[in-house]
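Q: File follows, my_file-v6.cif with mmCIF, C-alpha atoms:
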```
data_protein
#
loop_
_atom_site.label_atom_id
_atom_site.label_comp_id
_atom_site.auth_asym_id
_atom_site.auth_seq_id
_atom_site.Cartn_x
_atom_site.Cartn_y
_atom_site.Cartn_z
CA MET A 1 108.63 132.25 112.23
CA SER A 2 109.48 129.46 114.67
CA ILE A 3 108.02 126.01 114.06
CA LYS A 4 105.11 124.73 116.12
CA MET A 5 104.79 121.14 114.87
CA VAL A 6 107.07 118.41 113.60
CA MET A 7 105.54 115.86 111.24
CA PHE A 8 107.29 112.53 110.88
CA ASP A 9 107.23 109.91 108.18
CA LEU A 10 107.20 106.35 109.53
CA ASP A 11 108.62 103.66 107.23
CA GLY A 12 112.34 104.24 106.74
CA THR A 13 112.26 107.24 109.06
CA LEU A 14 111.13 106.37 112.57
CA LEU A 15 111.05 102.71 111.58
CA PRO A 16 114.26 101.55 109.87
CA MET A 17 113.59 99.25 106.94
CA ASP A 18 114.45 98.22 103.44
CA MET A 19 111.11 98.71 101.72
CA GLU A 20 111.59 95.86 99.27
CA GLU A 21 112.53 93.41 102.02
CA PHE A 22 109.59 94.52 104.17
CA THR A 23 106.92 94.37 101.48
CA SER A 24 108.19 91.06 100.12
CA GLY A 25 108.20 89.51 103.58
CA TYR A 26 104.83 90.67 104.74
CA PHE A 27 103.12 90.01 101.38
CA LYS A 28 104.16 86.35 101.73
CA MET A 29 102.52 86.30 105.16
CA LEU A 30 99.37 87.90 103.80
CA ALA A 31 99.21 85.52 100.85
CA ALA A 32 99.47 82.53 103.19
CA LYS A 33 96.54 83.88 105.20
CA ALA A 34 94.42 84.44 102.08
CA ALA A 35 95.34 81.19 100.31
CA PRO A 36 92.47 79.14 101.85
CA ARG A 37 90.06 81.55 100.17
CA GLY A 38 91.56 80.82 96.76
CA TYR A 39 93.98 83.73 96.43
CA GLU A 40 97.15 82.75 94.59
CA MET A 41 100.21 84.63 95.81
CA LYS A 42 101.51 86.09 92.53
CA SER A 43 98.12 87.38 91.39
CA LEU A 44 97.26 88.66 94.90
CA VAL A 45 100.48 90.65 95.20
CA LYS A 46 99.90 92.10 91.73
CA ALA A 47 96.36 93.08 92.74
CA ILE A 48 97.57 94.70 95.97
CA TRP A 49 100.13 96.80 94.10
CA HIS A 50 97.39 97.76 91.63
CA GLY A 51 95.27 98.88 94.56
CA VAL A 52 98.18 100.84 96.01
CA ALA A 53 98.50 102.64 92.68
CA ALA A 54 94.79 103.48 92.86
CA MET A 55 95.32 105.06 96.29
CA VAL A 56 98.34 107.04 95.09
CA LYS A 57 96.23 108.38 92.21
CA ASN A 58 93.33 109.24 94.52
CA ASP A 59 92.29 112.88 94.19
CA GLY A 60 90.41 113.15 97.46
CA HIS A 61 86.99 112.24 96.09
CA CYS A 62 86.90 109.27 98.48
CA ARG A 63 88.95 107.77 101.30
CA ASN A 64 91.96 105.71 100.26
CA GLU A 65 90.29 102.67 101.78
CA ASP A 66 87.42 102.99 99.29
CA ALA A 67 89.83 103.62 96.41
CA PHE A 68 91.73 100.44 97.25
CA TRP A 69 88.72 98.18 97.64
CA GLU A 70 86.97 99.51 94.56
CA ASP A 71 90.08 98.62 92.59
CA PHE A 72 90.46 95.24 94.32
CA VAL A 73 86.85 94.36 93.52
CA SER A 74 87.38 95.33 89.87
CA ILE A 75 89.99 92.55 89.75
CA TYR A 76 88.41 89.82 91.89
CA GLY A 77 84.72 90.67 91.71
CA GLU A 78 82.14 91.56 94.34
CA GLN A 79 82.85 88.39 96.30
CA ALA A 80 86.18 89.93 97.34
CA LEU A 81 84.27 92.24 99.70
CA LYS A 82 83.22 89.18 101.69
CA ASP A 83 86.90 88.45 102.25
CA LYS A 84 87.71 91.91 103.60
CA SER A 85 87.38 90.56 107.14
CA ILE A 86 90.22 88.10 106.42
CA PHE A 87 92.55 90.95 105.54
CA ASP A 88 91.36 92.98 108.53
CA LYS A 89 92.10 90.06 110.86
CA PHE A 90 95.53 89.61 109.28
CA TYR A 91 96.49 93.22 110.05
CA ALA A 92 95.05 92.97 113.56
CA ASN A 93 96.90 89.75 114.43
CA ASP A 94 99.41 88.08 112.07
CA PHE A 95 100.90 91.40 110.90
CA HIS A 96 102.65 91.77 114.26
CA ASP A 97 105.13 89.12 113.11
CA ALA A 98 106.19 91.33 110.19
CA ARG A 99 108.36 93.17 112.69
CA GLN A 100 111.09 90.71 111.73
CA PHE A 101 111.44 92.52 108.40
CA CYS A 102 112.19 95.87 110.07
CA GLY A 103 115.03 97.33 112.06
CA TYR A 104 114.92 99.32 115.27
CA ASN A 105 116.59 102.56 116.30
CA PRO A 106 115.99 103.72 119.89
CA LYS A 107 116.89 107.25 118.82
CA ALA A 108 113.61 107.45 116.89
CA ALA A 109 111.36 107.38 119.97
CA GLU A 110 113.91 109.37 121.94
CA THR A 111 113.91 112.13 119.34
CA VAL A 112 110.11 112.35 119.12
CA ARG A 113 109.88 112.67 122.90
CA TRP A 114 112.75 115.17 122.96
CA ILE A 115 110.89 117.31 120.42
CA LYS A 116 107.66 117.16 122.41
CA GLY A 117 109.63 118.03 125.53
CA ARG A 118 110.54 121.31 123.88
CA GLY A 119 106.90 122.26 123.60
CA LEU A 120 106.46 121.29 119.97
CA ARG A 121 103.50 119.35 118.64
CA ALA A 122 104.15 116.02 116.92
CA ALA A 123 102.18 114.27 114.18
CA LEU A 124 102.76 111.20 112.05
CA ALA A 125 102.52 111.96 108.34
CA THR A 126 103.01 108.41 107.08
CA ASN A 127 101.87 107.58 103.57
CA PRO A 128 98.27 106.41 104.20
CA LEU A 129 98.39 103.04 102.45
CA PHE A 130 97.71 100.92 105.56
CA PRO A 131 94.64 100.46 107.79
CA GLU A 132 94.69 102.14 111.20
CA VAL A 133 95.28 98.86 113.03
CA ALA A 134 98.41 98.15 110.95
CA THR A 135 99.64 101.71 111.40
CA ARG A 136 99.31 101.44 115.18
CA THR A 137 101.29 98.20 115.06
CA ARG A 138 104.08 99.75 112.99
CA ILE A 139 104.23 102.71 115.37
CA SER A 140 104.65 100.30 118.30
CA TRP A 141 107.69 98.76 116.58
CA THR A 142 109.47 102.11 116.98
CA GLY A 143 109.03 102.10 120.77
CA LEU A 144 106.30 104.73 120.57
CA GLU A 145 102.54 104.62 121.07
CA ALA A 146 100.08 106.04 118.56
CA GLU A 147 98.70 108.36 121.23
CA GLU A 148 102.04 110.15 121.45
CA PHE A 149 101.17 111.77 118.13
CA GLU A 150 98.49 114.41 117.78
CA PHE A 151 97.21 112.60 114.71
CA PHE A 152 98.38 110.02 112.18
CA THR A 153 97.21 109.29 108.67
CA THR A 154 95.73 105.94 107.61
CA TYR A 155 93.90 104.69 104.57
CA GLU A 156 90.58 105.17 106.40
CA ASN A 157 90.94 108.86 107.23
CA ILE A 158 92.33 110.64 104.18
CA GLY A 159 91.86 110.66 100.41
CA TRP A 160 95.31 111.53 99.12
CA CYS A 161 98.80 110.01 99.23
CA LYS A 162 102.33 111.27 99.01
CA PRO A 163 103.76 112.82 96.90
CA ASN A 164 100.52 114.68 96.10
CA PRO A 165 100.83 118.17 97.64
CA ASP A 166 97.14 117.92 98.54
CA TYR A 167 98.11 115.26 101.09
CA TYR A 168 100.23 117.85 102.87
CA ARG A 169 97.55 120.52 102.48
CA GLU A 170 95.13 118.22 104.28
CA VAL A 171 97.44 117.44 107.20
CA LEU A 172 98.19 121.14 107.56
CA ARG A 173 94.44 121.73 107.71
CA TRP A 174 94.15 119.10 110.44
CA ALA A 175 96.94 120.82 112.35
CA GLY A 176 95.41 124.25 111.83
CA LEU A 177 98.83 125.60 110.89
CA LYS A 178 100.60 127.31 108.01
CA GLY A 179 103.32 125.48 106.15
CA GLU A 180 106.02 127.72 107.62
CA GLU A 181 104.99 126.63 111.11
CA CYS A 182 105.75 122.96 110.43
CA LEU A 183 108.77 120.76 109.86
CA MET A 184 108.42 117.58 107.79
CA VAL A 185 110.93 114.82 108.58
CA GLY A 186 111.26 111.94 106.14
CA ASN A 187 113.68 109.62 104.35
CA ASP A 188 112.19 109.75 100.85
CA VAL A 189 113.31 112.68 98.72
CA GLY A 190 110.41 112.37 96.29
CA GLU A 191 107.62 111.78 98.79
CA ASP A 192 108.69 113.80 101.83
CA MET A 193 110.76 116.75 100.62
CA ILE A 194 107.92 117.85 98.35
CA ALA A 195 106.36 119.32 101.51
CA ALA A 196 108.74 122.27 100.99
CA ARG A 197 106.52 123.38 98.11
CA LEU A 198 103.89 124.31 100.68
CA GLY A 199 106.33 126.38 102.66
CA MET A 200 107.06 123.64 105.16
CA LYS A 201 110.55 123.28 106.48
CA VAL A 202 111.97 119.84 105.72
CA PHE A 203 114.65 117.54 107.07
CA LEU A 204 115.88 114.49 105.13
CA LEU A 205 116.75 111.60 107.44
CA THR A 206 119.48 109.68 105.63
CA ASP A 207 119.64 106.43 107.65
CA CYS A 208 117.36 104.65 105.13
CA LEU A 209 117.55 107.15 102.31
CA ILE A 210 115.31 106.77 99.25
CA ASN A 211 116.30 109.00 96.33
CA LYS A 212 114.83 107.43 93.21
CA ALA A 213 115.47 110.48 91.01
CA GLY A 214 119.05 110.88 92.18
CA GLU A 215 118.54 114.44 93.39
CA ASP A 216 121.28 116.48 95.01
CA ILE A 217 120.32 116.04 98.65
CA SER A 218 122.67 118.78 99.81
CA VAL A 219 119.88 121.26 99.04
CA TYR A 220 117.98 119.86 102.05
CA PRO A 221 118.98 119.86 105.71
CA ASN A 222 119.88 116.19 106.20
CA GLY A 223 121.56 113.64 108.42
CA ASP A 224 120.80 111.26 111.29
CA PHE A 225 118.67 111.78 114.40
CA ASP A 226 121.43 113.70 116.16
CA ALA A 227 121.61 116.09 113.21
CA LEU A 228 117.82 116.43 113.29
CA LYS A 229 117.86 117.43 116.96
CA ALA A 230 120.57 120.00 116.25
CA TYR A 231 118.51 121.39 113.35
CA VAL A 232 115.36 121.65 115.47
CA GLN A 233 117.34 123.34 118.23
CA ASP A 234 118.58 125.92 115.73
CA LEU A 235 115.04 126.54 114.47
CA LEU A 236 113.80 127.15 118.00
CA GLN A 237 116.45 129.79 118.52
CA VAL A 238 115.46 131.79 115.46
#
```
In structure tokens, how does this file's structure come out?
A:
Amino acid sequence: MSIKMVMFDLDGTLLPMDMEEFTSGYFKMLAAKAAPRGYEMKSLVKAIWHGVAAMVKNDGHCRNEDAFWEDFVSIYGEQALKDKSIFDKFYANDFHDARQFCGYNPKAAETVRWIKGRGLRAALATNPLFPEVATRTRISWTGLEAEEFEFFTTYENIGWCKPNPDYYREVLRWAGLKGEECLMVGNDVGEDMIAARLGMKVFLLTDCLINKAGEDISVYPNGDFDALKAYVQDLLQV
């Protein structure tokens, strides 16, 4: 069965980055924005990571946005909800400057457009830990526009995270496709290659490889964007 859609991860895949450098840099920016409201950087960063963990554990009973803020409020109290607008404004404005903590590879946008030019559908299956406004900004850093993807996941529109297989089940439902009809492209062995469990074809982009468990990556088709294009071309000829 030939593929009909290619789903891309974002951070470390279409958008080159060292995750530790990126999160450290942008958390400092966020903490500076929140400081006038009494948020101390160390405790704020700890609370954000706690909220991220709550989203990763989410079982779909609510949107990730609700999972995060419920957890954040459990730490800071109900008054934290009044400060949500501060964080929203940060992602809508100041977050643009976090581009300095990322790289850029023109082959990312080129490859997405090449794939679409071959009649395939394209979606962005990025781990939904960010608001939509921040996700649109990160997409723009790749040289692409959000509208070039059929859909993209954000913390407002889904209730699971990677590596939960239910995350992939949900995006397949959105696409209206079977796993075998899709290719998942990502740089994280643990979070992205798990899509193979649902019958999805996978490709491991190795430019910013994350392999926390030290798996043998030779079991997955892998390489750079040129290798990805060659792999897709082969799939289309099957």
Q: Carefully work through the PyMOL selection byres ((chain A and resi 109-125) around 6) for this structure and note down the residues it includes, as a PyMOL selection string.
A: chain A and resi 4-9+106-108+126+143-144+149-153
Q: Extract, using all atoms listed in the file, all DNA, RNA and protein residues at most 6 Å from Val202 of chain A, discarding same-chain residues fewer than 2 positions from it, and format them as a list in words.
A: Leu183, Met184 and Val185 of chain A
Q: For each of A:Cys182, A:Val171, A:Leu205, A:Ile139, take the minimum atom-to-atom distance to Asp226 of chain A, counting all atoms listed in the file, then give the residue where this is smallest.
A: A:Leu205
Q: What lies within 12 Å of Gly25 of chain A using all atoms listed in the file, ignoring chain neighbours under 4 positions off, as a list in words?
A: Met17, Asp18, Met19, Glu20, Glu21, Met29, Leu30, Ala31, Ala32, Val45, Phe95, Asp97, Ala98, Arg99, Gln100, Phe101 and Cys102 of chain A
Q: Could you check the closest approach to Tyr167 of chain A for each of A:Asp66, A:Asp11, A:Asp207, A:Asp59 and tell me which residue wins, using only C-alpha atoms?
A: A:Asp59
Q: In Å to one decimal, how far is atom CA of Asn164 of chain A from atom CA of Lys57 of chain A?
A: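 The value is 8.6 Å.
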Q: Can you tell me, as a PyMOL selection string, what residues are no more than 10 Å from Ala34 of chain A when counting only C-alpha atoms, ignoring any on the same chain fewer than 4 positions away?
A: chain A and resi 28-30+38-41+44+83+86-87+90
Q: Could you jot down the atom CA of Arg173 of chain A to atom CA of Trp49 of chain A separation for me, Å, one decimal place?
A: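 The value is 29.0 Å.
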Q: Would you mind reading off the distance between atom CA of Ser24 of chain A and atom CA of Arg138 of chain A, one decimal, in Å?
A: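 Atom CA of Arg138 of chain A lies at a distance of 16.1 Å from atom CA of Ser24 of chain A.
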Q: Tell me which residues the PyMOL selection byres ((chain A and resi 166) around 12) grabs here, as a PDB file with C-alpha atoms, in the frame of the given file.
A:
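Okay, result_9.pdb is ready:
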```pdb
ATOM      1  CA  VAL A  56      98.340 107.040  95.090  1.00  0.00           C
ATOM      2  CA  LYS A  57      96.230 108.380  92.210  1.00  0.00           C
ATOM      3  CA  ASN A  58      93.330 109.240  94.520  1.00  0.00           C
ATOM      4  CA  ASP A  59      92.290 112.880  94.190  1.00  0.00           C
ATOM      5  CA  GLY A  60      90.410 113.150  97.460  1.00  0.00           C
ATOM      6  CA  HIS A  61      86.990 112.240  96.090  1.00  0.00           C
ATOM      7  CA  ILE A 158      92.330 110.640 104.180  1.00  0.00           C
ATOM      8  CA  GLY A 159      91.860 110.660 100.410  1.00  0.00           C
ATOM      9  CA  TRP A 160      95.310 111.530  99.120  1.00  0.00           C
ATOM     10  CA  CYS A 161      98.800 110.010  99.230  1.00  0.00           C
ATOM     11  CA  LYS A 162     102.330 111.270  99.010  1.00  0.00           C
ATOM     12  CA  PRO A 163     103.760 112.820  96.900  1.00  0.00           C
ATOM     13  CA  ASN A 164     100.520 114.680  96.100  1.00  0.00           C
ATOM     14  CA  PRO A 165     100.830 118.170  97.640  1.00  0.00           C
ATOM     15  CA  TYR A 167      98.110 115.260 101.090  1.00  0.00           C
ATOM     16  CA  TYR A 168     100.230 117.850 102.870  1.00  0.00           C
ATOM     17  CA  ARG A 169      97.550 120.520 102.480  1.00  0.00           C
ATOM     18  CA  GLU A 170      95.130 118.220 104.280  1.00  0.00           C
ATOM     19  CA  VAL A 171      97.440 117.440 107.200  1.00  0.00           C
ATOM     20  CA  LEU A 172      98.190 121.140 107.560  1.00  0.00           C
ATOM     21  CA  ARG A 173      94.440 121.730 107.710  1.00  0.00           C
ATOM     22  CA  ILE A 194     107.920 117.850  98.350  1.00  0.00           C
ATOM     23  CA  ALA A 195     106.360 119.320 101.510  1.00  0.00           C
ATOM     24  CA  ARG A 197     106.520 123.380  98.110  1.00  0.00           C
ATOM     25  CA  LEU A 198     103.890 124.310 100.680  1.00  0.00           C
TER      26      LEU A 198
END
```
Q: Residues at most 9 Å from Gly199 of chain A, counting all atoms listed in the file, excluding those fewer than 3 positions away in the same chain, as a short mmCIF file (atom, residue, chain, number, x, y, z; two decimals) with C-alpha atoms, in the frame of the given file?
A:
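Now in result-v5.cif:
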```
data_model
loop_
_atom_site.label_atom_id
_atom_site.label_comp_id
_atom_site.auth_asym_id
_atom_site.auth_seq_id
_atom_site.Cartn_x
_atom_site.Cartn_y
_atom_site.Cartn_z
CA LYS A 178 100.60 127.31 108.01
CA GLY A 179 103.32 125.48 106.15
CA GLU A 180 106.02 127.72 107.62
CA GLU A 181 104.99 126.63 111.11
CA CYS A 182 105.75 122.96 110.43
CA ALA A 195 106.36 119.32 101.51
CA ALA A 196 108.74 122.27 100.99
#
```
Q: Got a sec to resolve the PyMOL selection byres ((chain A and resi 52-54) around 9) on this structure and send the residues as a PyMOL selection string?
A: chain A and resi 47-51+55-58+64+67-68+70-71+129
Q: Which residues are close to Tyr155 of chain A, i.e. within 8 Å by only C-alpha atoms, leaving aside same-chain residues fewer than 6 positions away? Reply as a list of chain:residue names.
A: A:Arg63, A:Asn64, A:Glu65, A:Pro128, A:Leu129, A:Phe130, A:Pro131, A:Glu132
Q: Rank nothing, just name the residue among A:Arg136, A:Glu145, A:Phe72, A:Gln237 nearest to Lys84 of chain A, using all atoms listed in the file.
A: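 The closest residue to Lys84 of chain A is A:Phe72.
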Q: May I ask which of the residues A:Ala146, A:Ala175, A:Asn157, A:Thr13 is the closest one to Thr206 of chain A, counting only C-alpha atoms?
A: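 Of the candidates, the smallest distance to Thr206 of chain A is held by A:Thr13.
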Q: Listed atoms of segment 96-111 of chain A, axis-aligned box, 5 Å per side: centre and edge lengths to one decimal in Å, as AutoDock Vina command-line options?
A:
```
--center_x 109.8 --center_y 100.6 --center_z 115.2 --size_x 24.2 --size_y 33.0 --size_z 23.5
```
Q: Fix up segment 69-81 of chain A with N, CA and C atoms, then write it as a tab-separated table (two decimals), in the coordinates of the input.
A:
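The result, written out as rebuild01.tsv:
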```
chain	number	residue	atom	x	y	z
A	69	TRP	N	89.64	99.30	97.77
A	69	TRP	CA	88.72	98.18	97.64
A	69	TRP	C	87.90	98.24	96.36
A	70	GLU	N	87.65	99.41	95.85
A	70	GLU	CA	86.97	99.51	94.56
A	70	GLU	C	87.86	98.90	93.48
A	71	ASP	N	89.15	99.17	93.57
A	71	ASP	CA	90.08	98.62	92.59
A	71	ASP	C	90.22	97.10	92.77
A	72	PHE	N	90.31	96.66	94.03
A	72	PHE	CA	90.46	95.24	94.32
A	72	PHE	C	89.26	94.45	93.81
A	73	VAL	N	88.08	95.01	93.99
A	73	VAL	CA	86.85	94.36	93.52
A	73	VAL	C	86.81	94.31	91.99
A	74	SER	N	87.37	95.32	91.33
A	74	SER	CA	87.38	95.33	89.87
A	74	SER	C	88.22	94.17	89.32
A	75	ILE	N	89.12	93.66	90.16
A	75	ILE	CA	89.99	92.55	89.75
A	75	ILE	C	89.38	91.20	90.14
A	76	TYR	N	88.88	91.10	91.36
A	76	TYR	CA	88.41	89.82	91.89
A	76	TYR	C	86.89	89.66	91.91
A	77	GLY	N	86.17	90.75	91.68
A	77	GLY	CA	84.72	90.67	91.71
A	77	GLY	C	84.15	90.99	93.08
A	78	GLU	N	82.83	91.14	93.12
A	78	GLU	CA	82.14	91.56	94.34
A	78	GLU	C	82.37	90.61	95.52
A	79	GLN	N	82.65	89.34	95.22
A	79	GLN	CA	82.85	88.39	96.30
A	79	GLN	C	84.07	88.75	97.16
A	80	ALA	N	84.97	89.54	96.59
A	80	ALA	CA	86.18	89.93	97.34
A	80	ALA	C	85.82	90.74	98.59
A	81	LEU	N	84.69	91.46	98.53
A	81	LEU	CA	84.27	92.24	99.70
A	81	LEU	C	83.97	91.35	100.90
```
